[in-house]
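Participant: Got a structure for you, upload38.csv, holding CSV, C-alpha atoms.
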chain,number,residue,atom,x,y,z
T,6,ASP,CA,19.6,12.0,11.5
T,7,ASN,CA,16.7,14.0,12.9
T,8,MET,CA,17.0,16.7,10.2
T,9,GLY,CA,15.5,14.2,7.7
T,10,VAL,CA,12.7,13.3,10.0
T,11,LYS,CA,11.8,16.8,10.8
T,12,LYS,CA,11.4,17.8,7.1
T,13,MET,CA,9.5,14.6,6.3
T,14,SER,CA,6.6,15.2,4.0
T,15,ASN,CA,3.1,14.3,5.1
T,16,VAL,CA,1.8,10.9,4.0
T,17,LEU,CA,-1.6,9.4,3.7
T,18,VAL,CA,-1.4,5.7,4.5
T,19,ILE,CA,-4.2,3.4,3.4
T,20,THR,CA,-5.0,-0.2,3.9
T,21,PRO,CA,-7.8,-1.9,1.9
T,22,VAL,CA,-9.3,-4.7,4.0
T,23,LYS,CA,-11.5,-7.7,3.2
T,24,ASN,CA,-12.0,-10.0,6.2
T,25,SER,CA,-9.0,-11.9,7.7
T,26,VAL,CA,-9.3,-9.8,10.7
T,27,GLU,CA,-6.5,-11.3,12.9
T,28,LEU,CA,-3.8,-10.6,10.2
T,29,THR,CA,-5.4,-7.2,9.4
T,30,GLU,CA,-5.2,-6.2,13.1
T,31,LYS,CA,-1.4,-6.9,13.1
T,32,THR,CA,-1.1,-4.7,10.0
T,33,ILE,CA,-3.0,-1.9,11.6
T,34,ARG,CA,-1.2,-2.0,14.9
T,35,ALA,CA,2.2,-1.9,13.2
T,36,VAL,CA,1.2,1.1,11.1
T,37,MET,CA,-0.1,2.9,14.2
T,38,ASN,CA,3.1,2.1,16.0
T,39,SER,CA,5.2,4.0,13.5
T,40,GLU,CA,7.6,6.7,14.3
T,41,ASP,CA,6.8,10.2,13.3
T,42,LYS,CA,3.1,9.8,13.5
T,43,GLN,CA,2.4,13.5,13.5
T,44,HIS,CA,3.2,13.5,9.7
T,45,MET,CA,0.8,10.6,8.9
T,46,ARG,CA,-2.9,10.1,8.4
T,47,TYR,CA,-4.2,6.5,8.3
T,48,VAL,CA,-7.4,5.4,6.6
T,49,VAL,CA,-8.6,1.8,6.4
T,50,TYR,CA,-11.0,1.0,3.6
T,51,ASP,CA,-13.3,-1.8,4.5
T,52,ASP,CA,-14.2,-3.4,1.2
T,53,PHE,CA,-17.5,-5.2,2.1
T,54,SER,CA,-16.0,-7.3,4.9
T,55,ASP,CA,-18.2,-9.5,7.1
T,56,ASP,CA,-19.9,-8.0,10.2
T,57,GLU,CA,-17.4,-9.3,12.6
T,58,THR,CA,-14.5,-7.6,10.7
T,59,ALA,CA,-16.4,-4.3,10.3
T,60,ARG,CA,-17.1,-4.2,14.1
T,61,ARG,CA,-13.5,-5.0,15.0
T,62,LEU,CA,-12.3,-2.3,12.6
T,63,ASP,CA,-14.6,0.3,14.3
T,64,ALA,CA,-13.4,-0.8,17.7
T,65,LEU,CA,-9.7,-0.6,16.7
T,66,SER,CA,-10.3,2.9,15.2
T,67,VAL,CA,-11.6,4.2,18.5
T,68,GLU,CA,-8.8,2.5,20.4
T,69,LEU,CA,-5.9,3.6,18.1
T,70,GLY,CA,-7.1,6.7,16.4
T,71,PHE,CA,-7.3,6.1,12.7
T,72,GLU,CA,-10.2,6.4,10.2
T,73,VAL,CA,-12.3,3.6,8.8
T,74,VAL,CA,-14.3,4.0,5.6
T,75,HIS,CA,-16.9,1.3,5.1
T,76,LEU,CA,-17.3,1.1,1.3
T,77,SER,CA,-20.8,-0.4,1.8
T,78,ASP,CA,-21.9,3.1,3.0
T,79,LEU,CA,-20.7,4.7,-0.2
T,80,ILE,CA,-21.1,2.3,-3.1
T,81,ASP,CA,-22.8,-1.0,-4.0
T,82,SER,CA,-20.3,-2.6,-6.4
T,83,PRO,CA,-19.0,-6.0,-5.1
T,84,SER,CA,-15.4,-6.2,-3.9
T,85,PRO,CA,-12.7,-6.0,-4.9
T,86,ASN,CA,-13.0,-2.2,-5.2
T,87,TYR,CA,-9.3,-1.4,-5.4
T,88,ARG,CA,-9.8,1.1,-8.3
T,89,TYR,CA,-12.4,3.1,-6.3
T,90,VAL,CA,-10.1,3.0,-3.2
T,91,LEU,CA,-7.1,4.3,-5.2
T,92,GLN,CA,-9.2,7.1,-6.7
T,93,LYS,CA,-10.5,8.3,-3.4
T,94,ALA,CA,-7.1,8.1,-1.8
T,95,GLN,CA,-5.5,9.9,-4.7
T,96,GLU,CA,-8.0,12.7,-4.4
T,97,ARG,CA,-7.3,13.1,-0.7
T,98,ALA,CA,-3.5,12.9,-1.1
T,99,VAL,CA,-3.4,15.4,-3.9
T,100,ALA,CA,-5.8,17.8,-2.1
T,101,ASN,CA,-3.6,17.7,1.0
T,102,ASP,CA,-0.2,17.7,-0.7
T,103,GLU,CA,0.7,14.3,0.6
T,104,HIS,CA,2.4,11.2,-0.6
T,105,LEU,CA,0.2,8.1,-0.6
T,106,VAL,CA,1.4,4.9,1.0
T,107,VAL,CA,-0.5,1.6,0.3
T,108,VAL,CA,0.1,-1.0,3.0
T,109,GLU,CA,-1.8,-4.2,2.2
T,110,SER,CA,-3.5,-6.1,5.0
T,111,ASP,CA,-1.1,-9.0,5.0
T,112,VAL,CA,2.0,-6.8,5.6
T,113,VAL,CA,3.6,-5.8,8.9
T,114,VAL,CA,5.7,-2.6,8.6
T,115,ASN,CA,8.7,-1.6,10.7
T,116,LYS,CA,8.6,1.4,13.1
T,117,ASP,CA,10.7,3.4,10.7
T,118,THR,CA,9.3,2.1,7.4
T,119,PHE,CA,7.5,5.4,6.5
T,120,VAL,CA,10.5,7.5,7.4
T,121,ARG,CA,12.7,5.3,5.2
T,122,LEU,CA,10.3,5.4,2.3
T,123,ASN,CA,10.1,9.2,2.6
T,124,LYS,CA,13.8,9.7,2.7
T,125,ARG,CA,14.1,8.3,-0.8
T,126,VAL,CA,11.7,10.8,-2.3
T,127,VAL,CA,13.3,13.4,-4.5
T,128,ASP,CA,12.1,15.1,-7.7
T,129,GLY,CA,11.5,12.6,-10.4
T,130,VAL,CA,10.8,9.6,-8.1
T,131,GLY,CA,7.4,7.9,-8.8
T,132,LEU,CA,7.2,4.9,-6.5
T,133,VAL,CA,9.2,3.7,-3.5
T,134,ALA,CA,8.5,0.2,-2.2
T,135,SER,CA,9.8,-1.8,0.7
T,136,VAL,CA,11.0,-5.3,-0.2
T,137,THR,CA,8.9,-8.1,1.4
T,138,VAL,CA,10.2,-11.1,3.4
T,139,ASP,CA,8.7,-14.1,5.1
T,140,GLU,CA,9.0,-14.9,8.8
T,141,LYS,CA,12.5,-16.2,8.3
T,142,GLY,CA,13.6,-13.0,6.7
T,143,ASP,CA,13.9,-14.4,3.2
T,144,ILE,CA,12.6,-12.3,0.3
T,145,ASN,CA,9.3,-13.7,-0.8
T,146,PHE,CA,6.6,-13.2,-3.4
T,147,PRO,CA,6.1,-10.7,-5.1
T,148,TYR,CA,9.8,-9.7,-5.0
T,149,LEU,CA,11.4,-13.0,-5.8
T,150,PHE,CA,13.3,-11.3,-8.7
T,151,ALA,CA,15.1,-9.2,-6.1
T,152,ARG,CA,16.7,-12.1,-4.2
T,153,LYS,CA,20.1,-11.6,-5.8
T,154,TRP,CA,20.2,-7.8,-5.2
T,155,GLY,CA,21.8,-7.7,-1.8
T,156,ASN,CA,21.0,-4.8,0.6
T,157,GLU,CA,21.5,-1.9,-1.8
T,158,ASP,CA,18.3,0.1,-2.7
T,159,LYS,CA,17.7,-0.3,-6.3
T,160,VAL,CA,16.1,1.8,-9.1
T,161,THR,CA,14.1,-0.7,-11.2
T,162,LYS,CA,11.8,-0.9,-14.2
T,163,LYS,CA,10.5,-4.2,-13.0
T,164,ARG,CA,7.0,-4.3,-11.5
T,165,ILE,CA,6.4,-2.8,-8.1
T,166,SER,CA,3.7,-4.4,-6.0
T,167,PHE,CA,1.5,-2.4,-3.6
T,168,CYS,CA,2.4,-4.6,-0.5
T,169,CYS,CA,4.1,-1.6,1.1
T,170,THR,CA,4.6,1.2,-1.5
T,171,LEU,CA,4.8,5.0,-1.5
T,172,LEU,CA,3.4,6.8,-4.5
T,173,THR,CA,4.9,10.3,-4.6
T,174,ASN,CA,2.7,13.4,-4.7
T,175,GLU,CA,4.6,14.3,-7.9
T,176,PHE,CA,3.5,11.1,-9.6
T,177,LEU,CA,-0.1,11.3,-8.2
T,178,LYS,CA,-0.4,14.7,-9.8
T,179,SER,CA,0.7,13.4,-13.2
T,180,TYR,CA,-1.6,10.5,-13.7
T,181,ASP,CA,-5.4,10.4,-12.8
T,182,PHE,CA,-6.6,7.1,-11.4
T,183,HIS,CA,-10.0,7.8,-12.9
T,184,ASN,CA,-8.3,6.6,-16.1
T,185,LEU,CA,-7.6,3.1,-14.7
T,186,ASP,CA,-9.2,0.3,-16.6
T,187,SER,CA,-12.4,-0.6,-14.9
T,188,SER,CA,-12.4,-4.2,-16.3
T,189,LYS,CA,-9.4,-5.1,-14.1
T,190,ASN,CA,-9.2,-5.6,-10.3
T,191,TRP,CA,-5.5,-4.9,-9.5
T,192,TYR,CA,-3.4,-2.0,-10.6
T,193,ASP,CA,0.1,-2.3,-9.1
T,194,VAL,CA,1.7,-3.7,-12.3
T,195,PHE,CA,0.0,-1.1,-14.5
T,196,ILE,CA,0.8,1.8,-12.2
T,197,SER,CA,4.4,0.9,-11.8
T,198,HIS,CA,4.8,0.7,-15.6
T,199,LYS,CA,2.9,4.0,-16.0
T,200,SER,CA,5.3,5.7,-13.6
T,201,VAL,CA,8.3,4.5,-15.7
T,202,GLU,CA,6.5,5.5,-19.0
T,203,LEU,CA,6.0,9.0,-17.6
T,204,GLY,CA,9.7,9.3,-16.9
T,205,PHE,CA,9.7,8.6,-13.2
T,206,LYS,CA,12.2,6.5,-11.3
T,207,ASN,CA,10.8,3.6,-9.2
T,208,ILE,CA,12.9,2.4,-6.2
T,209,ILE,CA,12.8,-0.8,-4.2
T,210,LEU,CA,14.2,-0.5,-0.7
T,211,MET,CA,16.3,-3.6,-0.1
T,212,SER,CA,17.3,-1.9,3.2
T,213,ASP,CA,13.7,-1.9,4.6
T,214,LYS,CA,12.3,-5.4,4.7
T,215,VAL,CA,8.6,-5.7,5.7
T,216,LEU,CA,6.9,-9.0,6.7
T,217,HIS,CA,4.5,-10.2,4.1
T,218,ARG,CA,2.2,-13.1,4.9
T,219,PRO,CA,0.1,-13.7,1.8
T,220,HIS,CA,-3.5,-14.4,2.8
T,221,SER,CA,-3.9,-18.1,1.9
T,222,SER,CA,-7.3,-18.0,3.6
T,223,ARG,CA,-8.6,-15.1,1.7
T,224,PRO,CA,-10.4,-15.7,-1.6
T,225,TRP,CA,-10.1,-11.9,-2.4
T,226,LYS,CA,-6.3,-11.9,-2.2
T,227,LEU,CA,-5.9,-15.4,-3.7
T,228,LEU,CA,-7.8,-14.2,-6.7
T,229,LYS,CA,-5.1,-11.6,-7.3
T,230,TYR,CA,-2.4,-14.3,-7.4
T,231,THR,CA,-4.3,-16.8,-9.5
T,232,ASN,CA,-5.9,-14.5,-12.0
T,233,PRO,CA,-3.1,-12.6,-13.8
T,234,LEU,CA,-5.6,-11.5,-16.5
T,235,LYS,CA,-7.4,-9.3,-13.9
T,236,TYR,CA,-4.2,-7.3,-13.7
Please express the file's structure as structure tokens.
Facilitator:
Amino acid sequence: DNMGVKKMSNVLVITPVKNSVELTEKTIRAVMNSEDKQHMRYVVYDDFSDDETARRLDALSVELGFEVVHLSDLIDSPSPNYRYVLQKAQERAVANDEHLVVVESDVVVNKDTFVRLNKRVVDGVGLVASVTVDEKGDINFPYLFARKWGNEDKVTKKRISFCCTLLTNEFLKSYDFHNLDSSKNWYDVFISHKSVELGFKNIILMSDKVLHRPHSSRPWKLLKYTNPLKY
């Protein structure tokens, strides 16, 4: 229904990137191939990638028309700088009255993913996430707990991961990411629980399945899966 699309709120989409440029390029092209692009801004945060990746990101940004922020131009703390990225993105989204969508660089969204995420936003919703699947279409990590859920979108108190997740403007205005614990590297578990704690509903879209290919080659991402304490 076009009514829903026309009224779609504006979204700021971000992807934090560290190397793995071939997979990252697939992520970027899928985002830029989305429907309803007039309601979307896309910013790729390059978290101290190698020179080849940085050059490729600059070339892609010229070709496709998105913004690249090289963190090395702004800060000198070693990656991962997820906290800093979330803080900067929150500031921009709140200032522009946008929802924030995090699409990680090992995820390929569908053409209508952002439209679907947006449609589930009503007052009192904190996070809306698309469930992730492998190449065969089977639900995979980090949503293995949702395998039995069928195709009904589900309100959940379980953790939401930032593979492909919308954080509503209402939630962004209620919790300041400058309060995030600087001793940790990853914040999806904490933020999804904080949303519930503040009385928001979190939703997993079983009806929008996005391809997730965890970066086996990437120490930065592997660290996330092997160091639960850093959560």
Participant: Would you tabulate, counting only C-alpha atoms, all residues of range 122-236 of chain T that have an atom at most 9 Å from an atom of range 94-118 of chain T, showing the closest pair of atoms and their distance in Å to one decimal, sorted by chain then ascending number, as CSV?
Facilitator:
residue,atom,partner,partner_atom,distance
T:Leu122,CA,T:Thr118,CA,6.2
T:Asn123,CA,T:His104,CA,8.6
T:Ser135,CA,T:Thr118,CA,7.8
T:Thr137,CA,T:Val112,CA,8.2
T:Phe167,CA,T:Val107,CA,5.9
T:Cys168,CA,T:Glu109,CA,5.0
T:Cys169,CA,T:Val108,CA,4.5
T:Thr170,CA,T:Val107,CA,5.4
T:Leu171,CA,T:Val106,CA,4.2
T:Leu172,CA,T:Leu105,CA,5.2
T:Thr173,CA,T:His104,CA,4.8
T:Asn174,CA,T:His104,CA,4.7
T:Glu175,CA,T:His104,CA,8.2
T:Leu177,CA,T:Gln95,CA,6.6
T:Lys178,CA,T:Val99,CA,6.7
T:Asp181,CA,T:Gln95,CA,8.1
T:Phe182,CA,T:Gln95,CA,7.3
T:Asp213,CA,T:Thr118,CA,6.6
T:Lys214,CA,T:Asn115,CA,8.0
T:Val215,CA,T:Val114,CA,5.1
T:Leu216,CA,T:Val113,CA,5.1
T:His217,CA,T:Val112,CA,4.5
T:Arg218,CA,T:Asp111,CA,5.3
T:Pro219,CA,T:Asp111,CA,5.8
T:His220,CA,T:Asp111,CA,6.3
Participant: Find the residues around range 200-207 of chain T up to 7 Å (only C-alpha atoms counted), leave out those fewer than 6 positions away in its own chain, and share them as a PyMOL selection string.
Facilitator: chain T and resi 129-133+160-162+176
Participant: Mind pulling up the distance from CA of Ile196 in chain T to CA of Asn24 in chain T?
Facilitator: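 Calculated distance between CA of Asn24 in chain T and CA of Ile196 in chain T is 25.3 Å.
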Participant: Which is closer to Arg61 in chain T than all the others in T:Ile33, T:Tyr47, T:Gly155, T:Asp193, using only C-alpha atoms?
Facilitator: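 Of T:Ile33, T:Tyr47, T:Gly155, T:Asp193, the one nearest Arg61 in chain T is T:Ile33, counting only C-alpha atoms.
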Participant: Taking all atoms listed in the file into account, which of T:Lys153, T:Lys23, T:Lys124, T:Arg164 comes nearest Asp56 in chain T?
Facilitator: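 When distances to Asp56 in chain T are compared using all atoms listed in the file, the smallest one comes from T:Lys23.
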Participant: Please report the interatomic distance between CA of Lys159 in chain T and CA of Asn145 in chain T in Å with one decimal.
Facilitator: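 The value is 16.7 Å.
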Participant: Between T:Asp78, T:Asp41, T:Glu27, T:Asp186, which one has atoms that come closest to Arg121 in chain T, using all atoms listed in the file?
Facilitator: T:Asp41
Participant: From the set T:Arg152, T:Lys163, T:Lys42, T:Lys189, which residue has the shortest atom-to-atom contact distance to Val136 in chain T, counting only C-alpha atoms?
Facilitator: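 Closest residue, counting only C-alpha atoms: T:Arg152.
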Participant: Nearest to Ile209 in chain T: which of T:Val126, T:Ile165, T:Leu185, T:Leu17 is it, counting only C-alpha atoms?
Facilitator: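 Checking each candidate against Ile209 in chain T, we get T:Ile165 as the closest.
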Participant: What is the CA of Val16 in chain T to CA of Lys199 in chain T distance in Å?
Facilitator: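 Answer for the CA of Val16 in chain T to CA of Lys199 in chain T separation: 21.2 Å.
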Participant: Skipping near chain neighbours, those fewer than 3 positions away, what residues fall within 7 Å of Asp158 in chain T using all atoms listed in the file, listed as a short mmCIF file (atom, residue, chain, number, x, y, z; two decimals) with C-alpha atoms, in the coordinates of the input?
Facilitator:
data_model
loop_
_atom_site.label_atom_id
_atom_site.label_comp_id
_atom_site.auth_asym_id
_atom_site.auth_seq_id
_atom_site.Cartn_x
_atom_site.Cartn_y
_atom_site.Cartn_z
CA ILE T 208 12.90 2.40 -6.20
CA ILE T 209 12.80 -0.80 -4.20
CA LEU T 210 14.20 -0.50 -0.70
CA MET T 211 16.30 -3.60 -0.10
CA SER T 212 17.30 -1.90 3.20
#
Participant: Once you add 6 Å to each side, what are the centre and edge lengths of the axis-aligned box holding all listed atoms of range 210-221 of chain T? One decimal in Å, as JSON, if you can.
Facilitator:
{"center_x": 6.7, "center_y": -9.3, "center_z": 3.0, "size_x": 33.2, "size_y": 29.6, "size_z": 19.4}
